[in-house]
>>> print(open('work_16.txt').read())   # compact mmCIF, C-alpha atoms and all ligand atoms
# COMPACT_ATOMS: atom_id res chain seq x y z
CA MET D 27 120.75 113.34 134.26
CA ASN D 28 119.46 116.73 135.39
CA ARG D 29 117.34 115.81 138.42
CA GLY D 30 116.11 119.35 139.08
CA ALA D 31 112.71 118.49 137.68
CA THR D 32 110.19 116.18 139.29
CA ALA D 33 110.66 113.30 136.85
CA GLY D 34 112.56 112.49 133.70
CA ALA D 35 114.59 110.08 131.63
CA ALA D 36 117.99 109.89 130.00
CA VAL D 37 116.25 110.27 126.63
CA ILE D 38 112.85 111.86 126.14
CA VAL D 39 111.13 111.27 122.81
CA ILE D 40 108.30 113.63 121.87
CA GLY D 41 105.73 111.82 119.71
CA GLY D 42 104.14 108.39 119.89
CA GLY D 43 103.97 107.74 116.16
CA VAL D 44 106.00 105.07 114.41
CA THR D 45 109.12 107.28 114.32
CA GLY D 46 109.16 108.08 118.04
CA LEU D 47 108.09 104.60 119.12
CA SER D 48 110.63 102.88 116.90
CA ALA D 49 113.37 105.20 118.20
CA GLY D 50 112.24 104.51 121.77
CA TRP D 51 112.30 100.78 121.14
CA TRP D 52 115.79 100.84 119.58
CA LEU D 53 117.06 102.83 122.57
CA ALA D 54 115.27 100.74 125.20
CA ARG D 55 116.55 97.46 123.78
CA GLU D 56 120.06 98.71 124.61
CA GLY D 57 119.09 99.42 128.17
CA ILE D 58 118.77 103.19 127.72
CA ASP D 59 116.31 104.89 130.07
CA VAL D 60 113.79 106.27 127.54
CA LEU D 61 110.44 107.97 127.94
CA VAL D 62 108.07 108.59 125.01
CA LEU D 63 105.59 111.43 125.53
CA GLU D 64 102.47 111.39 123.35
CA ALA D 65 99.92 114.21 123.30
CA GLY D 66 97.02 111.89 122.50
CA VAL D 67 97.07 108.14 122.00
CA ILE D 68 99.78 106.32 120.08
CA GLY D 69 99.19 106.26 116.34
CA TRP D 70 96.68 109.10 116.44
CA GLY D 71 98.79 111.04 113.93
CA ALA D 72 99.72 109.90 110.43
CA SER D 73 101.09 106.63 111.84
CA GLY D 74 97.64 105.18 112.42
CA ARG D 75 96.11 106.55 109.21
CA ASN D 76 98.47 105.61 106.41
CA GLY D 77 98.64 103.19 103.50
CA GLY D 78 101.10 100.80 105.13
CA GLY D 79 103.59 100.94 102.24
CA CYS D 80 107.22 99.98 102.93
CA SER D 81 108.98 100.68 99.62
CA HIS D 82 111.09 103.83 99.79
CA HIS D 83 113.72 103.23 97.15
CA HIS D 84 114.58 106.96 96.96
CA SER D 85 115.66 107.17 100.61
CA PRO D 86 119.15 106.80 102.10
CA LEU D 87 117.45 104.50 104.64
CA PHE D 88 116.08 102.19 101.92
CA LEU D 89 118.56 99.33 102.32
CA GLU D 90 118.03 99.24 106.06
CA GLU D 91 114.25 99.49 105.60
CA GLN D 92 114.36 96.47 103.31
CA ARG D 93 116.68 94.52 105.59
CA LEU D 94 114.62 95.09 108.71
CA TRP D 95 110.98 94.61 107.66
CA PRO D 96 111.17 90.87 106.97
CA GLN D 97 112.58 90.28 110.47
CA LEU D 98 110.64 92.96 112.32
CA ASP D 99 107.97 90.69 113.85
CA GLU D 100 110.69 88.55 115.33
CA LEU D 101 112.72 91.51 116.58
CA LEU D 102 109.68 93.17 118.15
CA GLY D 103 108.02 90.01 119.38
CA TYR D 104 104.64 91.14 118.00
CA PRO D 105 102.99 90.93 114.56
CA THR D 106 103.04 93.80 112.06
CA GLU D 107 101.38 91.75 109.28
CA PHE D 108 104.27 92.63 106.96
CA GLN D 109 103.93 91.13 103.48
CA PRO D 110 106.84 91.43 101.02
CA ASN D 111 106.89 92.62 97.38
CA ARG D 112 104.72 95.00 95.42
CA ILE D 113 102.93 95.03 92.08
CA ARG D 114 102.11 98.27 90.32
CA ILE D 115 99.57 98.25 87.51
CA ALA D 116 99.82 100.86 84.75
CA LEU D 117 96.56 101.65 82.98
CA ASP D 118 98.25 103.70 80.25
CA ALA D 119 101.65 104.51 78.74
CA ARG D 120 102.18 107.55 80.97
CA GLN D 121 101.69 105.52 84.15
CA PHE D 122 103.92 102.77 82.77
CA GLN D 123 106.72 105.26 82.19
CA LEU D 124 106.23 106.87 85.61
CA TYR D 125 106.26 103.59 87.55
CA ARG D 126 109.47 102.51 85.81
CA ARG D 127 111.40 104.83 88.15
CA ALA D 128 110.93 102.42 91.05
CA LEU D 129 112.34 99.58 88.94
CA GLU D 130 115.38 101.69 88.05
CA ASN D 131 115.95 102.96 91.58
CA GLY D 132 115.58 99.43 92.95
CA ALA D 133 117.99 98.04 90.32
CA HIS D 134 120.66 100.64 91.25
CA GLN D 135 120.51 99.32 94.78
CA GLY D 136 120.62 95.65 93.86
CA PHE D 137 116.91 94.78 93.81
CA HIS D 138 115.35 92.85 90.97
CA SER D 139 112.01 93.74 89.34
CA GLU D 140 110.03 92.31 86.46
CA VAL D 141 108.16 94.13 83.71
CA LEU D 142 104.69 92.60 83.36
CA ASP D 143 102.60 92.45 80.21
CA ALA D 144 98.80 92.62 80.32
CA LYS D 145 98.43 88.83 80.55
CA GLN D 146 100.87 88.56 83.44
CA VAL D 147 99.11 91.39 85.28
CA ARG D 148 95.78 89.57 84.91
CA GLU D 149 97.31 86.30 86.14
CA LEU D 150 98.85 87.89 89.21
CA VAL D 151 96.01 90.27 90.04
CA PRO D 152 92.59 88.69 89.63
CA TYR D 153 90.78 92.03 90.10
CA ALA D 154 92.83 93.84 87.40
CA PRO D 155 91.21 95.25 84.23
CA ASP D 156 90.89 92.99 81.16
CA ALA D 157 93.32 95.13 79.19
CA PRO D 158 95.82 96.90 81.48
CA TYR D 159 98.71 98.62 79.68
CA GLY D 160 101.19 96.58 81.77
CA GLY D 161 102.86 96.71 85.13
CA TYR D 162 105.81 95.92 87.34
CA PHE D 163 106.55 93.29 89.94
CA TYR D 164 109.04 94.80 92.37
CA HIS D 165 110.90 92.15 94.35
CA PHE D 166 111.36 94.61 97.18
CA GLY D 167 109.16 96.71 99.42
CA GLY D 168 105.88 95.45 100.76
CA HIS D 169 103.24 96.54 103.18
CA ALA D 170 102.20 96.14 106.81
CA ASN D 171 99.28 96.94 109.08
CA PRO D 172 99.85 100.43 110.54
CA HIS D 173 97.82 99.82 113.71
CA ARG D 174 99.48 96.50 114.44
CA THR D 175 102.87 98.10 113.83
CA VAL D 176 102.27 101.07 116.12
CA GLN D 177 101.11 98.73 118.88
CA ALA D 178 104.01 96.33 118.30
CA TYR D 179 106.60 99.11 118.71
CA ALA D 180 104.86 100.35 121.87
CA TRP D 181 104.68 96.91 123.48
CA ALA D 182 108.26 96.07 122.50
CA LEU D 183 109.51 99.39 123.86
CA GLN D 184 107.87 98.67 127.20
CA ASP D 185 109.09 95.05 127.23
CA HIS D 186 112.61 96.47 127.24
CA GLY D 187 111.88 98.82 130.14
CA GLY D 188 111.09 101.93 128.07
CA ARG D 189 108.24 104.10 129.28
CA LEU D 190 105.33 105.62 127.40
CA LEU D 191 103.04 108.36 128.65
CA GLN D 192 99.95 109.06 126.56
CA HIS D 193 97.72 112.13 126.92
CA THR D 194 100.85 114.10 127.77
CA ALA D 195 101.44 117.03 125.42
CA VAL D 196 104.77 118.83 125.47
CA THR D 197 104.10 122.55 125.77
CA ASP D 198 107.61 123.92 126.15
CA ILE D 199 111.28 122.93 126.02
CA LYS D 200 113.74 124.50 128.42
CA THR D 201 117.43 124.90 127.66
CA ARG D 202 120.52 125.56 129.72
CA ALA D 203 124.14 125.97 128.58
CA GLY D 204 123.33 125.01 124.99
CA LYS D 205 121.36 121.90 125.87
CA ALA D 206 117.71 120.98 126.15
CA THR D 207 117.33 120.03 129.80
CA GLN D 208 113.62 119.81 130.51
CA VAL D 209 110.22 119.62 128.82
CA SER D 210 107.05 121.10 130.23
CA THR D 211 103.95 119.05 129.58
CA THR D 212 100.26 118.99 130.41
CA ARG D 213 101.27 116.50 133.14
CA GLY D 214 104.24 118.25 134.65
CA GLU D 215 107.93 118.76 134.06
CA PHE D 216 110.32 116.09 132.81
CA ALA D 217 114.10 116.40 132.75
CA CYS D 218 116.29 114.80 130.11
CA ASP D 219 119.88 114.38 129.00
CA GLN D 220 118.87 113.96 125.36
CA LEU D 221 115.74 114.99 123.52
CA VAL D 222 114.23 113.56 120.32
CA ILE D 223 111.52 115.55 118.57
CA ALA D 224 109.57 113.09 116.41
CA ALA D 225 106.20 114.77 116.49
CA GLY D 226 105.19 114.54 112.83
CA ALA D 227 103.79 117.84 111.62
CA ALA D 228 104.14 119.26 115.15
CA THR D 229 107.92 118.96 114.88
CA ALA D 230 108.03 122.46 113.34
CA PRO D 231 106.30 124.36 116.19
CA LEU D 232 108.24 122.36 118.80
CA ALA D 233 111.59 123.02 117.12
CA ALA D 234 110.64 126.70 116.84
CA ARG D 235 110.68 126.81 120.65
CA LEU D 236 114.41 126.11 120.37
CA GLY D 237 114.84 128.79 117.71
CA VAL D 238 115.21 126.10 115.04
CA SER D 239 113.25 126.56 111.83
CA VAL D 240 111.88 123.32 110.32
CA PRO D 241 110.06 123.96 107.03
CA LEU D 242 106.97 121.75 107.00
CA ALA D 243 103.57 121.95 105.36
CA SER D 244 100.64 119.74 106.32
CA ALA D 245 98.57 118.11 103.61
CA ARG D 246 95.27 116.47 104.37
CA ALA D 247 94.85 113.08 102.67
CA GLU D 248 92.08 110.50 102.81
CA MET D 249 91.82 106.74 102.64
CA ILE D 250 88.92 104.39 101.99
CA VAL D 251 88.40 100.77 102.99
CA THR D 252 86.10 98.28 101.25
CA GLU D 253 84.30 95.32 102.68
CA PRO D 254 86.49 92.17 102.74
CA LEU D 255 87.05 90.45 99.39
CA ALA D 256 88.68 87.15 98.49
CA PRO D 257 92.41 87.58 99.22
CA MET D 258 94.68 88.08 96.21
CA ARG D 259 97.96 86.16 96.11
CA ILE D 260 99.90 89.44 96.39
CA GLY D 261 98.17 92.01 98.60
CA GLY D 262 100.53 94.86 97.81
CA VAL D 263 99.05 96.04 94.53
CA ASP D 264 98.67 99.66 93.56
CA GLY D 265 98.68 101.98 90.56
CA ASN D 266 96.45 104.55 88.84
CA GLY D 267 97.81 107.20 91.21
CA LEU D 268 96.75 105.21 94.29
CA TYR D 269 98.71 103.61 97.10
CA GLY D 270 97.38 100.92 99.37
CA ARG D 271 97.06 97.26 100.08
CA GLN D 272 94.71 94.38 100.61
CA THR D 273 94.56 93.60 104.32
CA LEU D 274 94.96 90.03 105.57
CA ARG D 275 91.19 90.05 106.12
CA GLY D 276 90.61 90.96 102.47
CA ASN D 277 89.65 94.65 102.69
CA LEU D 278 91.06 96.98 100.05
CA ALA D 279 92.56 99.98 101.90
CA TYR D 280 93.55 102.72 99.46
CA GLY D 281 94.45 106.38 99.32
CA GLY D 282 96.05 108.80 96.91
CA GLY D 283 95.96 112.49 96.01
CA PRO D 284 94.88 115.11 95.45
CA HIS D 285 95.96 116.42 98.82
CA GLU D 286 94.60 119.52 100.50
CA TRP D 287 97.11 121.89 102.08
CA VAL D 288 96.15 122.81 105.63
CA GLU D 289 97.62 125.14 108.23
CA TYR D 290 99.05 123.07 111.09
CA GLU D 291 96.81 124.86 113.60
CA ASP D 292 93.70 123.74 111.65
CA CYS D 293 94.62 120.04 111.55
CA GLN D 294 92.63 119.09 114.66
CA GLN D 295 89.40 120.50 113.23
CA THR D 296 89.56 118.80 109.84
CA ARG D 297 91.07 115.47 110.87
CA ALA D 298 87.94 113.39 111.07
CA HIS D 299 85.91 114.50 108.08
CA SER D 300 85.71 112.70 104.79
CA THR D 301 85.11 114.83 101.74
CA VAL D 302 84.80 114.56 97.98
CA LEU D 303 88.39 113.32 97.96
CA GLN D 304 87.08 109.88 98.84
CA SER D 305 84.93 109.70 95.69
CA SER D 306 88.02 110.44 93.62
CA ILE D 307 89.85 107.55 95.33
CA ALA D 308 86.84 105.23 94.90
CA ARG D 309 86.53 106.07 91.19
CA ARG D 310 90.21 105.36 90.54
CA LEU D 311 90.04 102.16 92.61
CA CYS D 312 87.17 100.94 90.41
CA GLN D 313 89.36 101.60 87.35
CA LEU D 314 92.26 99.70 88.94
CA PHE D 315 90.12 96.75 90.11
CA PRO D 316 87.01 96.78 87.87
CA LYS D 317 86.12 93.17 88.76
CA VAL D 318 85.28 94.26 92.29
CA ALA D 319 83.83 97.68 91.51
CA HIS D 320 80.66 96.55 93.27
CA ALA D 321 82.44 96.32 96.65
CA ARG D 322 81.04 98.60 99.32
CA VAL D 323 83.18 101.22 101.05
CA ILE D 324 82.80 100.55 104.77
CA ARG D 325 85.19 103.12 106.27
CA SER D 326 87.11 106.24 105.39
CA TRP D 327 89.29 108.66 107.28
CA ALA D 328 91.61 111.60 106.85
CA GLY D 329 95.18 112.07 108.00
CA PHE D 330 97.87 114.70 107.73
CA ILE D 331 101.03 114.22 105.75
CA GLU D 332 104.00 116.20 107.00
CA ASN D 333 105.78 117.52 103.91
CA THR D 334 109.18 119.12 103.63
CA PRO D 335 109.81 121.35 100.58
CA ASP D 336 111.70 118.58 98.73
CA GLY D 337 109.62 115.67 100.01
CA ARG D 338 112.55 114.10 101.85
CA PRO D 339 112.83 113.50 105.59
CA ILE D 340 114.69 115.71 108.02
CA LEU D 341 116.75 113.50 110.30
CA GLU D 342 119.52 115.16 112.21
CA ARG D 343 121.16 115.63 115.56
CA LEU D 344 121.40 119.40 115.90
CA SER D 345 124.58 121.26 116.66
CA SER D 346 122.63 123.68 118.85
CA PRO D 347 121.12 122.58 121.17
CA GLN D 348 123.55 119.73 120.67
CA ASN D 349 121.56 117.12 122.59
CA VAL D 350 118.45 117.42 120.37
CA THR D 351 117.63 115.12 117.47
CA ILE D 352 114.93 116.11 114.98
CA ALA D 353 113.06 113.51 112.96
CA THR D 354 110.20 114.29 110.62
CA LEU D 355 109.71 111.90 107.74
CA SER D 356 107.84 113.80 105.02
CA SER D 357 105.17 111.33 103.91
CA VAL D 358 107.28 108.16 103.93
CA GLY D 359 107.67 107.62 107.66
CA PHE D 360 105.70 104.43 108.08
CA GLY D 361 107.81 102.26 105.82
CA LEU D 362 111.04 103.84 106.94
CA SER D 363 110.25 103.52 110.65
CA PRO D 364 112.35 100.44 111.46
CA ALA D 365 115.35 102.19 109.89
CA SER D 366 114.59 105.74 111.05
CA GLY D 367 114.29 104.50 114.64
CA ARG D 368 117.65 102.81 114.36
CA ALA D 369 119.18 105.95 112.82
CA ILE D 370 117.82 108.03 115.71
CA ARG D 371 119.31 105.54 118.16
CA ASP D 372 122.69 106.02 116.46
CA LEU D 373 122.40 109.81 116.45
CA VAL D 374 121.45 109.91 120.12
CA ILE D 375 124.06 107.47 121.38
CA GLU D 376 126.91 107.97 118.93
CA GLY D 377 126.20 111.33 117.35
CA THR D 378 126.28 109.87 113.85
CA CYS D 379 124.43 107.22 111.86
CA ARG D 380 126.55 104.09 111.49
CA PHE D 381 124.70 102.39 108.65
CA ALA D 382 123.59 105.12 106.24
CA ASP D 383 124.77 108.47 104.92
CA LEU D 384 122.28 111.02 106.22
CA SER D 385 123.90 114.05 104.57
CA THR D 386 120.97 114.45 102.14
CA VAL D 387 118.38 114.61 104.94
CA LYS D 388 120.03 117.33 107.02
CA LEU D 389 118.20 120.51 107.88
CA ASP D 390 120.84 122.86 106.44
CA ARG D 391 119.76 122.01 102.88
CA PHE D 392 116.94 124.50 103.53
CA ALA D 393 119.26 127.24 104.83
CA HIS D 394 118.46 129.49 101.86
CA LEU D 395 114.80 128.59 101.47
CA GLU D 396 112.65 131.53 100.40
CA ALA D 397 110.34 132.80 103.14
CA ASP D 398 107.35 132.26 100.83
CA TRP D 399 108.35 128.73 99.79
CA ARG D 400 104.81 127.42 100.20
CA VAL D 401 103.49 130.06 97.81
CA MET D 402 106.24 129.24 95.31
CA GLN D 403 105.42 125.51 95.49
CA GLY D 404 101.69 126.20 95.12
CA TRP D 405 101.18 124.76 98.63
CA LEU D 406 98.72 127.22 99.99
CA PRO D 407 96.11 126.01 102.46
CA ALA D 408 92.75 125.27 100.89
CA GLY D 409 90.68 128.43 100.77
CA ALA D 410 93.70 130.72 101.18
C1 LIG F 1 96.67 108.99 104.30
C2 LIG F 1 98.15 108.76 104.50
C3 LIG F 1 98.78 107.73 103.80
C4 LIG F 1 100.13 107.49 103.97
N1 LIG F 1 100.70 106.40 103.37
C5 LIG F 1 101.98 106.05 103.68
C6 LIG F 1 102.53 104.84 103.20
O1 LIG F 1 101.89 104.06 102.52
N2 LIG F 1 103.82 104.55 103.54
C7 LIG F 1 104.57 105.38 104.32
O2 LIG F 1 105.73 105.07 104.59
N3 LIG F 1 104.06 106.52 104.81
C8 LIG F 1 102.78 106.87 104.52
N4 LIG F 1 102.25 108.01 105.03
C9 LIG F 1 103.10 108.89 105.84
C10 LIG F 1 103.33 108.29 107.23
O3 LIG F 1 102.11 107.94 107.81
C11 LIG F 1 104.07 109.31 108.09
O4 LIG F 1 105.24 109.75 107.43
C12 LIG F 1 104.47 108.67 109.41
O5 LIG F 1 103.39 108.05 110.03
C13 LIG F 1 105.07 109.73 110.32
O6 LIG F 1 105.24 109.14 111.58
P1 LIG F 1 105.73 110.03 112.77
O7 LIG F 1 105.80 109.13 113.95
O8 LIG F 1 106.97 110.74 112.35
O9 LIG F 1 104.59 111.14 112.91
P2 LIG F 1 103.09 110.96 113.45
O10 LIG F 1 102.53 109.66 113.14
O11 LIG F 1 102.34 112.16 112.99
O12 LIG F 1 103.26 110.99 115.01
C14 LIG F 1 103.61 112.17 115.70
C15 LIG F 1 102.97 112.06 117.07
O13 LIG F 1 103.41 113.18 117.84
C16 LIG F 1 102.35 113.55 118.67
N5 LIG F 1 102.56 114.93 119.08
C17 LIG F 1 102.40 116.06 118.36
N6 LIG F 1 102.66 117.14 119.12
C18 LIG F 1 103.00 116.69 120.35
C19 LIG F 1 103.37 117.32 121.56
N7 LIG F 1 103.44 118.66 121.65
N8 LIG F 1 103.62 116.55 122.65
C20 LIG F 1 103.55 115.19 122.58
N9 LIG F 1 103.20 114.54 121.43
C21 LIG F 1 102.93 115.28 120.33
C22 LIG F 1 101.11 113.38 117.79
O14 LIG F 1 99.93 113.24 118.57
C23 LIG F 1 101.45 112.14 117.01
O15 LIG F 1 100.91 110.96 117.59
C24 LIG F 1 100.89 108.30 104.86
C25 LIG F 1 100.26 109.33 105.57
C26 LIG F 1 98.91 109.55 105.40
C27 LIG F 1 98.24 110.64 106.20
>>> encode(input="work_16.txt", output="structure tokens", more="lines below")
Ligand SMILES: Cc1cc2nc3c(=O)[nH]c(=O)nc-3n(C[C@H](O)[C@H](O)[C@H](O)COP(=O)(O)OP(=O)(O)OC[C@H]3O[C@@H](n4cnc5c(N)ncnc54)[C@H](O)[C@@H]3O)c2cc1C
Amino acid sequence: MNRGATAGAAVIVIGGGVTGLSAGWWLAREGIDVLVLEAGVIGWGASGRNGGGCSHHHSPLFLEEQRLWPQLDELLGYPTEFQPNRIRIALDARQFQLYRRALENGAHQGFHSEVLDAKQVRELVPYAPDAPYGGYFYHFGGHANPHRTVQAYAWALQDHGGRLLQHTAVTDIKTRAGKATQVSTTRGEFACDQLVIAAGAATAPLAARLGVSVPLASARAEMIVTEPLAPMRIGGVDGNGLYGRQTLRGNLAYGGGPHEWVEYEDCQQTRAHSTVLQSSIARRLCQLFPKVAHARVIRSWAGFIENTPDGRPILERLSSPQNVTIATLSSVGFGLSPASGRAIRDLVIEGTCRFADLSTVKLDRFAHLEADWRVMQGWLPAGA
């Protein structure tokens, strides 16, 4: 390792969200000297604010995601509150058609699902409407508690000798001879042999310091949480354009568009506020679960979703600087985190992912992206 700087690690990971922490844990459990640097506190980004869904059947990491979640508590040594399976209720024919995609994608990859009629939906979901159009029972996916999961990764990482520094923002990355050798932070300089940038929406400005363009747009999304209600048999129920889950305590925690596009620089200012978006979520939640429409909303929050132009992650070890791995997960990073962390471990140690083909999540697919891609997608910041 370059010991010119005051401190350092063989691998430095920028970002203490689920992606960076999972990567750090996978590396530490192999005895690699790893240091995770987090600007604030772990989980302060999207990782502590999401819906907890673990069902990404459109991702090349899907099979590994599904393999790892059921054993994750045991592997980490701490609870994530993972619960398997997912039900999706369709209130009309359009939703029914739309939600069929998950069944088809799952089936292509060997996962069974059931089509539910209105009676079956009512039997499985006591809070469902009297006359839903229908639904699906996916025998894959599931949900977990984002806060428990963030904490579990962080504890497990440290149990294996990995280090975590919170309140340490990376402000610059220094390179020498085609490699990233050192990061400057609000708490000094840290040298590294390998660098992982897993900083959510901040991955773009950090990569820009290396002359690498990462096309990302931040979208502000909100979630609401009700008072606890009697637990349903299956807590992973969504539909009506909403994602979410019933917590083990019984709260309904739900979110879902519309999203507001925000400039990355403005994220800090708008992070905490709740807006009219939460009434839209509450209204649709009442339609999904009319039997508990009386439940009070006890909390709400906003978070920022890091979106790539095609909605798929960017996960790649760069060719220049060749010791830098970039990982930004484009709105599906919570569920994929056990697998994305393992993929990062492979990229860092072996230069290639051993268990999945990552060719569709490489950065060069955006090589010919129009400069005004956000305008073309209609992703202009609110008020622009
Ligand atoms: C409301 C909402 C609902 C969602 N629902 C789901 C869902 O159900 N399922 C799912 O899979 N995904 C969901 N997502 C998306 C998911 O939360 C993210 O894809 C995932 O958390 C990304 O994790 P990450 O670790 O890559 O990024 P983040 O969680 O954003 O973590 C990045 C970290 O990097 C730190 N950082 C930034 N800059 C620096 C710097 N310069 N120096 C040091 N540290 C820095 C930040 O403080 C942050 O903690 C949702 C997101 C939101 C907002």
>>> closest_residue(input="work_16.txt", among="D:Gln348, D:Asn76, D:Thr207, D:Gln92", to="ligand LIG 1 (chain F)", atoms="only C-alpha atoms and all ligand atoms")
D:Asn76
>>> closest_atom_pairs(input="work_16.txt", of="stretch 121-208 of chain D", to="stretch 314-321 of chain D", cutoff="10 Å", atoms="only C-alpha atoms", output="Markdown table")
| residue | atom | partner | partner_atom | distance |
| --- | --- | --- | --- | --- |
| D:Val151 | CA | D:Phe315 | CA | 8.8 |
| D:Pro152 | CA | D:Lys317 | CA | 7.9 |
| D:Tyr153 | CA | D:Phe315 | CA | 4.8 |
| D:Ala154 | CA | D:Phe315 | CA | 4.8 |
| D:Pro155 | CA | D:Pro316 | CA | 5.8 |
| D:Asp156 | CA | D:Pro316 | CA | 8.6 |
| D:Pro158 | CA | D:Leu314 | CA | 8.7 |
>>> atom_distance(input="work_16.txt", atom1="atom CA of D:Leu311", atom2="atom CA of D:Ser326")
13.7 Å
>>> atom_distance(input="work_16.txt", atom1="atom CA of D:Lys145", atom2="atom C7 of ligand LIG 1 (chain F)")
29.6 Å
>>> atom_distance(input="work_16.txt", atom1="atom C19 of ligand LIG 1 (chain F)", atom2="atom CA of D:Gly69")
12.9 Å
>>> residues_around(input="work_16.txt", residues="D:Gly404", least_positions_apart="2", cutoff="12 Å", atoms="only C-alpha atoms", output="MDAnalysis selection string")
chainID D and resid 243 285:287 335 398:402 406:408 410
>>> residues_around(input="work_16.txt", residues="D:Ile331", least_positions_apart="5", cutoff="6 Å", atoms="only C-alpha atoms", output="count of residues only")
3
>>> axis_aligned_box(input="work_16.txt", around="stretch 277-287 of chain D", padding_each_side="5 Å", output="JSON")
{"center_x": 93.4, "center_y": 108.3, "center_z": 99.1, "size_x": 17.5, "size_y": 37.2, "size_z": 17.2}
>>> decode(input="work_16.txt", residues="stretch 116-135 of chain D", atoms="N, CA and C atoms", output="compact mmCIF listing (two decimals), in the first residue's frame")
# COMPACT_ATOMS: atom_id res chain seq x y z
N ALA D 116 -53.81 -6.21 -7.80
CA ALA D 116 -54.20 -5.35 -8.93
C ALA D 116 -55.63 -4.88 -8.69
N LEU D 117 -55.82 -3.57 -8.75
CA LEU D 117 -57.17 -3.04 -8.55
C LEU D 117 -57.94 -2.96 -9.86
N ASP D 118 -57.23 -3.03 -10.98
CA ASP D 118 -57.93 -2.99 -12.28
C ASP D 118 -57.14 -3.81 -13.31
N ALA D 119 -57.71 -3.89 -14.51
CA ALA D 119 -57.11 -4.74 -15.56
C ALA D 119 -55.73 -4.22 -15.96
N ARG D 120 -55.56 -2.92 -15.97
CA ARG D 120 -54.26 -2.35 -16.39
C ARG D 120 -53.16 -2.76 -15.40
N GLN D 121 -53.47 -2.64 -14.11
CA GLN D 121 -52.48 -3.04 -13.09
C GLN D 121 -52.19 -4.54 -13.19
N PHE D 122 -53.25 -5.31 -13.44
CA PHE D 122 -53.08 -6.77 -13.52
C PHE D 122 -52.10 -7.13 -14.65
N GLN D 123 -52.27 -6.46 -15.77
CA GLN D 123 -51.40 -6.69 -16.92
C GLN D 123 -49.95 -6.28 -16.60
N LEU D 124 -49.83 -5.11 -15.98
CA LEU D 124 -48.52 -4.56 -15.64
C LEU D 124 -47.76 -5.48 -14.68
N TYR D 125 -48.45 -5.96 -13.65
CA TYR D 125 -47.78 -6.75 -12.61
C TYR D 125 -47.44 -8.17 -13.08
N ARG D 126 -47.99 -8.54 -14.26
CA ARG D 126 -47.70 -9.87 -14.79
C ARG D 126 -46.22 -10.01 -15.19
N ARG D 127 -45.60 -8.84 -15.50
CA ARG D 127 -44.20 -8.87 -15.93
C ARG D 127 -43.30 -9.56 -14.91
N ALA D 128 -43.57 -9.31 -13.63
CA ALA D 128 -42.73 -9.92 -12.59
C ALA D 128 -42.89 -11.42 -12.62
N LEU D 129 -44.14 -11.89 -12.83
CA LEU D 129 -44.38 -13.33 -12.91
C LEU D 129 -43.57 -13.92 -14.07
N GLU D 130 -43.61 -13.22 -15.23
CA GLU D 130 -42.91 -13.75 -16.41
C GLU D 130 -41.40 -13.72 -16.22
N ASN D 131 -40.90 -12.60 -15.70
CA ASN D 131 -39.45 -12.50 -15.46
C ASN D 131 -38.99 -13.55 -14.47
N GLY D 132 -39.78 -13.74 -13.40
CA GLY D 132 -39.45 -14.74 -12.39
C GLY D 132 -39.44 -16.14 -13.01
N ALA D 133 -40.47 -16.43 -13.83
CA ALA D 133 -40.60 -17.76 -14.44
C ALA D 133 -39.39 -18.06 -15.33
N HIS D 134 -38.93 -17.05 -16.10
CA HIS D 134 -37.76 -17.26 -16.97
C HIS D 134 -36.54 -17.68 -16.17
N GLN D 135 -36.53 -17.28 -14.90
CA GLN D 135 -35.33 -17.55 -14.09
C GLN D 135 -35.59 -18.66 -13.06
